[in-house]
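*Asks:* My file is model_38.csv. It has CSV, C-alpha atoms:
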```
chain,number,residue,atom,x,y,z
A,21,MET,CA,98.9,32.4,204.9
A,22,LYS,CA,95.4,31.8,206.1
A,23,LYS,CA,92.7,33.0,203.7
A,24,ILE,CA,90.0,35.3,205.1
A,25,PHE,CA,86.5,34.4,204.2
A,26,ASN,CA,84.8,37.3,202.4
A,27,PRO,CA,81.0,37.0,202.5
A,28,LEU,CA,80.6,39.7,199.9
A,29,SER,CA,82.8,37.9,197.4
A,30,ALA,CA,80.8,34.7,198.0
A,31,ILE,CA,77.5,36.5,197.4
A,32,ILE,CA,78.8,38.0,194.1
A,33,LEU,CA,80.1,34.6,192.9
A,34,ALA,CA,76.8,33.0,193.7
A,35,ALA,CA,74.8,35.7,191.9
A,36,THR,CA,77.1,35.5,188.9
A,37,LEU,CA,76.6,31.7,188.7
A,38,PHE,CA,72.9,32.1,189.1
A,39,TYR,CA,72.3,34.7,186.5
A,40,GLY,CA,74.8,33.1,184.1
A,41,THR,CA,72.8,29.9,184.3
A,42,LEU,CA,69.5,31.8,183.9
A,43,ILE,CA,70.8,33.6,180.8
A,44,LEU,CA,72.1,30.3,179.3
A,45,ASP,CA,68.8,28.6,180.0
A,46,HIS,CA,66.9,31.5,178.5
A,47,GLY,CA,69.1,31.3,175.4
A,48,LEU,CA,68.5,27.6,175.0
A,49,ALA,CA,64.8,28.0,175.5
A,50,PHE,CA,64.7,30.8,172.8
A,51,ALA,CA,66.6,28.6,170.4
A,52,ASP,CA,64.2,25.7,171.0
A,53,THR,CA,61.2,28.1,170.4
A,54,VAL,CA,62.6,29.2,167.1
A,55,SER,CA,63.2,25.6,166.0
A,56,ASP,CA,59.7,24.7,167.0
A,57,ASN,CA,58.3,27.6,165.1
A,58,ILE,CA,60.3,26.7,162.0
A,59,ALA,CA,59.1,23.1,162.2
A,60,GLU,CA,55.5,24.3,162.5
A,61,LEU,CA,55.9,26.5,159.4
A,62,GLN,CA,57.5,23.8,157.4
A,63,HIS,CA,54.7,21.3,158.1
A,64,GLY,CA,52.1,24.0,157.6
A,65,TRP,CA,53.6,24.8,154.2
A,66,ALA,CA,53.8,21.2,153.1
A,67,LYS,CA,50.2,20.6,154.0
A,68,ALA,CA,49.0,23.8,152.3
A,69,TYR,CA,51.0,23.3,149.2
A,70,TYR,CA,50.6,19.5,148.6
A,71,GLN,CA,47.5,18.5,150.5
A,72,THR,CA,45.1,21.4,150.4
A,73,PRO,CA,42.5,21.7,147.5
A,74,ASP,CA,43.5,24.4,145.0
A,75,LYS,CA,40.4,26.5,145.8
A,76,GLN,CA,41.4,26.7,149.4
A,77,LYS,CA,45.1,27.3,149.0
A,78,GLU,CA,44.9,31.1,148.9
A,79,ALA,CA,43.0,31.3,152.2
A,80,VAL,CA,45.3,28.8,153.9
A,81,PHE,CA,48.5,30.5,152.7
A,82,LYS,CA,47.1,33.9,153.8
A,83,GLU,CA,46.7,32.5,157.4
A,84,LEU,CA,50.1,30.8,157.3
A,85,ALA,CA,51.8,34.0,156.1
A,86,ALA,CA,50.3,35.9,159.0
A,87,LYS,CA,51.7,33.3,161.4
A,88,ALA,CA,55.1,33.3,159.7
A,89,HIS,CA,55.3,37.1,160.0
A,90,ALA,CA,54.5,36.9,163.7
A,91,TYR,CA,57.3,34.4,164.2
A,92,THR,CA,59.7,36.6,162.3
A,93,SER,CA,58.7,39.6,164.4
A,94,ALA,CA,59.2,37.6,167.6
A,95,SER,CA,62.8,36.5,166.6
A,96,PRO,CA,64.6,39.7,165.4
A,97,GLY,CA,68.0,39.0,164.1
A,98,ARG,CA,67.3,35.4,163.2
A,99,ALA,CA,67.5,34.4,159.6
A,100,GLU,CA,65.4,31.2,159.7
A,101,PRO,CA,62.0,32.7,160.3
A,102,MET,CA,62.7,35.3,157.6
A,103,VAL,CA,63.5,32.6,155.1
A,104,TRP,CA,60.4,30.6,155.9
A,105,GLU,CA,58.2,33.7,155.8
A,106,ALA,CA,59.6,34.4,152.4
A,107,ILE,CA,59.0,30.8,151.2
A,108,ILE,CA,55.4,31.0,152.4
A,109,LEU,CA,54.9,34.5,150.8
A,110,SER,CA,56.2,33.1,147.5
A,111,SER,CA,53.7,30.3,147.6
A,112,TYR,CA,50.9,32.7,148.7
A,113,ALA,CA,51.7,34.9,145.6
A,114,LYS,CA,51.5,31.9,143.3
A,115,PHE,CA,48.0,31.0,144.4
A,116,ALA,CA,46.7,34.5,145.0
A,117,GLY,CA,47.5,35.7,141.5
A,118,GLY,CA,46.6,39.2,140.3
A,119,LEU,CA,48.3,42.4,141.1
A,120,SER,CA,48.8,41.5,144.7
A,121,ALA,CA,51.0,38.5,143.8
A,122,LEU,CA,53.9,40.8,142.7
A,123,ASP,CA,53.8,42.7,146.0
A,124,LYS,CA,54.1,39.4,147.9
A,125,ALA,CA,56.9,38.3,145.7
A,126,LYS,CA,58.8,41.5,146.3
A,127,ALA,CA,58.2,41.2,150.0
A,128,ALA,CA,59.6,37.6,149.9
A,129,ARG,CA,62.7,38.8,147.9
A,130,ASP,CA,63.3,41.6,150.5
A,131,LEU,CA,63.1,39.2,153.4
A,132,LEU,CA,65.6,36.8,151.7
A,133,GLU,CA,68.1,39.6,151.0
A,134,LYS,CA,67.8,40.6,154.7
A,135,ALA,CA,68.3,37.1,155.9
A,136,GLU,CA,71.3,36.8,153.6
A,137,LYS,CA,73.0,39.6,155.4
A,138,ILE,CA,72.5,37.8,158.7
A,139,GLN,CA,73.4,34.2,157.8
A,140,PRO,CA,74.0,33.4,154.1
A,141,ASP,CA,74.2,29.6,154.4
A,142,VAL,CA,71.3,29.2,156.7
A,143,LEU,CA,68.9,26.2,156.1
A,144,ASP,CA,71.3,24.6,153.6
A,145,GLY,CA,71.3,27.4,151.1
A,146,SER,CA,67.5,27.9,151.1
A,147,ILE,CA,68.0,31.7,150.7
A,148,TYR,CA,69.6,31.1,147.3
A,149,THR,CA,67.2,28.4,146.2
A,150,SER,CA,64.3,30.7,147.0
A,151,LEU,CA,65.9,33.8,145.4
A,152,GLY,CA,66.7,31.9,142.3
A,153,SER,CA,63.2,30.6,142.0
A,154,LEU,CA,61.7,34.0,142.4
A,155,TYR,CA,64.0,35.6,139.8
A,156,TYR,CA,63.0,33.0,137.1
A,157,LYS,CA,59.3,32.8,137.9
A,158,VAL,CA,58.5,36.5,138.4
A,159,PRO,CA,57.9,38.4,135.1
A,160,ARG,CA,60.7,40.7,133.9
A,161,TRP,CA,60.7,44.4,133.9
A,162,PRO,CA,58.6,46.5,133.4
A,163,ILE,CA,56.0,44.2,135.0
A,164,GLY,CA,58.2,42.6,137.7
A,165,PHE,CA,61.8,42.1,138.8
A,166,GLY,CA,62.4,38.7,137.0
A,167,ASP,CA,66.0,38.2,135.8
A,168,LYS,CA,67.3,34.9,134.3
A,169,HIS,CA,70.9,35.8,134.8
A,170,LYS,CA,70.4,36.5,138.5
A,171,ALA,CA,68.3,33.3,138.8
A,172,ARG,CA,71.1,31.2,137.4
A,173,ASP,CA,73.7,32.8,139.7
A,174,TYR,CA,71.5,32.2,142.8
A,175,LEU,CA,70.6,28.6,141.8
A,176,GLU,CA,74.2,27.7,141.1
A,177,LYS,CA,75.2,29.1,144.5
A,178,ALA,CA,72.4,27.0,146.1
A,179,VAL,CA,73.7,23.8,144.5
A,180,LYS,CA,77.3,24.6,145.7
A,181,LEU,CA,76.0,25.0,149.2
A,182,ASN,CA,73.8,21.9,149.1
A,183,PRO,CA,75.0,19.7,146.3
A,184,ALA,CA,72.9,16.7,147.3
A,185,GLY,CA,69.7,18.6,148.3
A,186,ILE,CA,66.4,17.8,146.8
A,187,ASP,CA,65.3,21.5,146.5
A,188,SER,CA,68.6,22.9,145.3
A,189,ASN,CA,68.8,20.3,142.5
A,190,TYR,CA,65.1,20.4,141.6
A,191,PHE,CA,64.9,24.2,141.2
A,192,TYR,CA,68.1,24.4,139.2
A,193,GLY,CA,66.9,21.5,137.0
A,194,ASP,CA,63.5,23.1,136.5
A,195,PHE,CA,65.2,26.4,135.6
A,196,LEU,CA,67.5,24.7,133.1
A,197,LEU,CA,64.5,22.9,131.5
A,198,GLU,CA,62.8,26.3,131.1
A,199,GLN,CA,66.0,27.6,129.4
A,200,GLY,CA,66.0,24.7,126.9
A,201,GLU,CA,69.2,23.0,128.5
A,202,TYR,CA,67.5,19.6,128.5
A,203,ALA,CA,70.5,17.3,129.1
A,204,LYS,CA,71.8,19.4,132.0
A,205,ALA,CA,68.3,19.8,133.4
A,206,GLN,CA,67.9,16.0,133.4
A,207,GLU,CA,71.2,15.6,135.2
A,208,TYR,CA,70.2,17.8,138.1
A,209,LEU,CA,66.6,16.5,138.3
A,210,GLU,CA,68.0,13.0,138.6
A,211,LYS,CA,70.2,14.2,141.5
A,212,ALA,CA,67.1,15.7,143.1
A,213,LEU,CA,65.2,12.4,142.8
A,214,SER,CA,68.1,10.5,144.5
A,215,ALA,CA,68.5,13.1,147.2
A,216,PRO,CA,68.7,11.7,150.8
A,217,PRO,CA,65.5,12.1,152.9
A,218,ARG,CA,65.3,15.1,155.2
A,219,PRO,CA,64.6,14.1,158.8
A,220,GLY,CA,61.3,15.6,159.9
A,221,ARG,CA,60.4,16.8,156.4
A,222,GLU,CA,58.9,13.6,155.1
A,223,ASP,CA,55.6,15.4,154.1
A,224,ALA,CA,57.5,17.9,152.0
A,225,ASP,CA,59.9,15.3,150.5
A,226,GLN,CA,56.9,13.2,149.3
A,227,GLY,CA,55.3,16.1,147.5
A,228,ARG,CA,58.6,17.4,146.1
A,229,ARG,CA,59.6,14.0,144.7
A,230,ALA,CA,56.4,13.9,142.8
A,231,GLU,CA,57.2,17.3,141.3
A,232,VAL,CA,60.7,16.2,140.5
A,233,GLN,CA,59.4,13.1,138.7
A,234,GLN,CA,56.9,15.1,136.6
A,235,THR,CA,59.6,17.6,135.6
A,236,LEU,CA,62.1,14.8,134.8
A,237,GLU,CA,59.6,13.2,132.5
A,238,LYS,CA,59.2,16.5,130.7
A,239,SER,CA,63.0,16.8,130.3
A,240,ARG,CA,63.2,13.3,128.8
A,241,GLN,CA,60.6,14.1,126.2
A,242,HIS,CA,63.3,16.4,124.6
A,243,GLY,CA,65.7,13.6,124.2
```
Translate this file's structure into structure tokens.
*Replies:*
Amino acid sequence: MKKIFNPLSAIILAATLFYGTLILDHGLAFADTVSDNIAELQHGWAKAYYQTPDKQKEAVFKELAAKAHAYTSASPGRAEPMVWEAIILSSYAKFAGGLSALDKAKAARDLLEKAEKIQPDVLDGSIYTSLGSLYYKVPRWPIGFGDKHKARDYLEKAVKLNPAGIDSNYFYGDFLLEQGEYAKAQEYLEKALSAPPRPGREDADQGRRAEVQQTLEKSRQHG
């Protein structure tokens, strides 16, 4: 049986292929934009945290936090920008100090909890590393929301998600040192020091390794 050419079907097929390709290209472009934004925030954070003079850090982190917030707003439903906005806010709180520091820490916690609902394992467990760090560095109630038990739970979860990571092992080791668990702290700090390099994160790795080394030396002083 001879097939009858249907021009309407041909037009519909062509339009479907065209718009399907257009949507796919748009999706890929959006993904690339998010990745580029995250890379910019990562390098901006490393420069602000490790290379900027202390007196200038508050101002630099204020500017970086505004940029991070803009990227989060531009990518609704994506966990990565939320996590990096939270990381930057946490650092901003550290160098800002005063009463405003707690507000920034709370905002960082809220962003991390929101990101957890979207993609818990995003960025190799950075949500849990960051939440754990906040919970053991922020003062306890009635001043803040600090909680050593929650800190331990989050940091252990981070290590399970990223057992060889420099950040997961460093923050857990630092927490254990603070708790007086010196032998265990040394174990995780040594893991952090031997962590594999992160492609594209050389600036952060260099600064972090220096922190790890300093903290490891403190743990060794306790035997």
*Asks:* For a quick check of understanding, using all atoms listed in the file, which of A:Ser239, A:Gln76, A:Leu132, A:Asp123 has the smallest distance to Glu201 in chain A?
*Replies:* A:Ser239
*Asks:* Excluding Ile108 in chain A and any residue of its chain fewer than 3 positions from it, enumerate the residues within 12 Å of it, using all atoms listed in the file, and give them as a PDB file with C-alpha atoms, keeping the file's coordinate frame.
*Replies:*
```pdb
ATOM      1  CA  ILE A  58      60.300  26.700 162.000  1.00  0.00           C
ATOM      2  CA  LEU A  61      55.900  26.500 159.400  1.00  0.00           C
ATOM      3  CA  GLN A  62      57.500  23.800 157.400  1.00  0.00           C
ATOM      4  CA  HIS A  63      54.700  21.300 158.100  1.00  0.00           C
ATOM      5  CA  GLY A  64      52.100  24.000 157.600  1.00  0.00           C
ATOM      6  CA  TRP A  65      53.600  24.800 154.200  1.00  0.00           C
ATOM      7  CA  ALA A  66      53.800  21.200 153.100  1.00  0.00           C
ATOM      8  CA  LYS A  67      50.200  20.600 154.000  1.00  0.00           C
ATOM      9  CA  ALA A  68      49.000  23.800 152.300  1.00  0.00           C
ATOM     10  CA  TYR A  69      51.000  23.300 149.200  1.00  0.00           C
ATOM     11  CA  LYS A  77      45.100  27.300 149.000  1.00  0.00           C
ATOM     12  CA  GLU A  78      44.900  31.100 148.900  1.00  0.00           C
ATOM     13  CA  VAL A  80      45.300  28.800 153.900  1.00  0.00           C
ATOM     14  CA  PHE A  81      48.500  30.500 152.700  1.00  0.00           C
ATOM     15  CA  LYS A  82      47.100  33.900 153.800  1.00  0.00           C
ATOM     16  CA  GLU A  83      46.700  32.500 157.400  1.00  0.00           C
ATOM     17  CA  LEU A  84      50.100  30.800 157.300  1.00  0.00           C
ATOM     18  CA  ALA A  85      51.800  34.000 156.100  1.00  0.00           C
ATOM     19  CA  ALA A  86      50.300  35.900 159.000  1.00  0.00           C
ATOM     20  CA  LYS A  87      51.700  33.300 161.400  1.00  0.00           C
ATOM     21  CA  ALA A  88      55.100  33.300 159.700  1.00  0.00           C
ATOM     22  CA  HIS A  89      55.300  37.100 160.000  1.00  0.00           C
ATOM     23  CA  PRO A 101      62.000  32.700 160.300  1.00  0.00           C
ATOM     24  CA  MET A 102      62.700  35.300 157.600  1.00  0.00           C
ATOM     25  CA  VAL A 103      63.500  32.600 155.100  1.00  0.00           C
ATOM     26  CA  TRP A 104      60.400  30.600 155.900  1.00  0.00           C
ATOM     27  CA  GLU A 105      58.200  33.700 155.800  1.00  0.00           C
ATOM     28  CA  SER A 111      53.700  30.300 147.600  1.00  0.00           C
ATOM     29  CA  TYR A 112      50.900  32.700 148.700  1.00  0.00           C
ATOM     30  CA  ALA A 113      51.700  34.900 145.600  1.00  0.00           C
ATOM     31  CA  LYS A 114      51.500  31.900 143.300  1.00  0.00           C
ATOM     32  CA  PHE A 115      48.000  31.000 144.400  1.00  0.00           C
ATOM     33  CA  ALA A 116      46.700  34.500 145.000  1.00  0.00           C
ATOM     34  CA  LYS A 124      54.100  39.400 147.900  1.00  0.00           C
ATOM     35  CA  ALA A 125      56.900  38.300 145.700  1.00  0.00           C
ATOM     36  CA  ALA A 127      58.200  41.200 150.000  1.00  0.00           C
ATOM     37  CA  ALA A 128      59.600  37.600 149.900  1.00  0.00           C
ATOM     38  CA  ARG A 129      62.700  38.800 147.900  1.00  0.00           C
ATOM     39  CA  LEU A 131      63.100  39.200 153.400  1.00  0.00           C
ATOM     40  CA  LEU A 132      65.600  36.800 151.700  1.00  0.00           C
ATOM     41  CA  SER A 150      64.300  30.700 147.000  1.00  0.00           C
TER      42      SER A 150
END
```
*Asks:* I'd like to know which of A:Gln199, A:Gln71, A:Ser55, A:Ser120 is closest to Leu143 in chain A, using all atoms listed in the file.
*Replies:*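 Among the listed residues, the smallest separation from Leu143 in chain A belongs to A:Ser55.
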*Asks:* When you draw a straight line from CA of Ala178 in chain A to CA of Lys134 in chain A, how long is it in Å?
*Replies:*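 Going from CA of Ala178 in chain A over to CA of Lys134 in chain A, I get 16.7 Å.
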*Asks:* A:Ala215, A:Leu175, A:Ala99, A:Ile163: which is nearest Glu133 in chain A, counting only C-alpha atoms?
*Replies:* A:Ala99
*Asks:* Would you please work out which residue, of A:Thr149, A:Pro217, A:Asp56, A:Tyr155, is nearest to Leu122 in chain A when using only C-alpha atoms?
*Replies:*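 Nearest to Leu122 in chain A: A:Tyr155.
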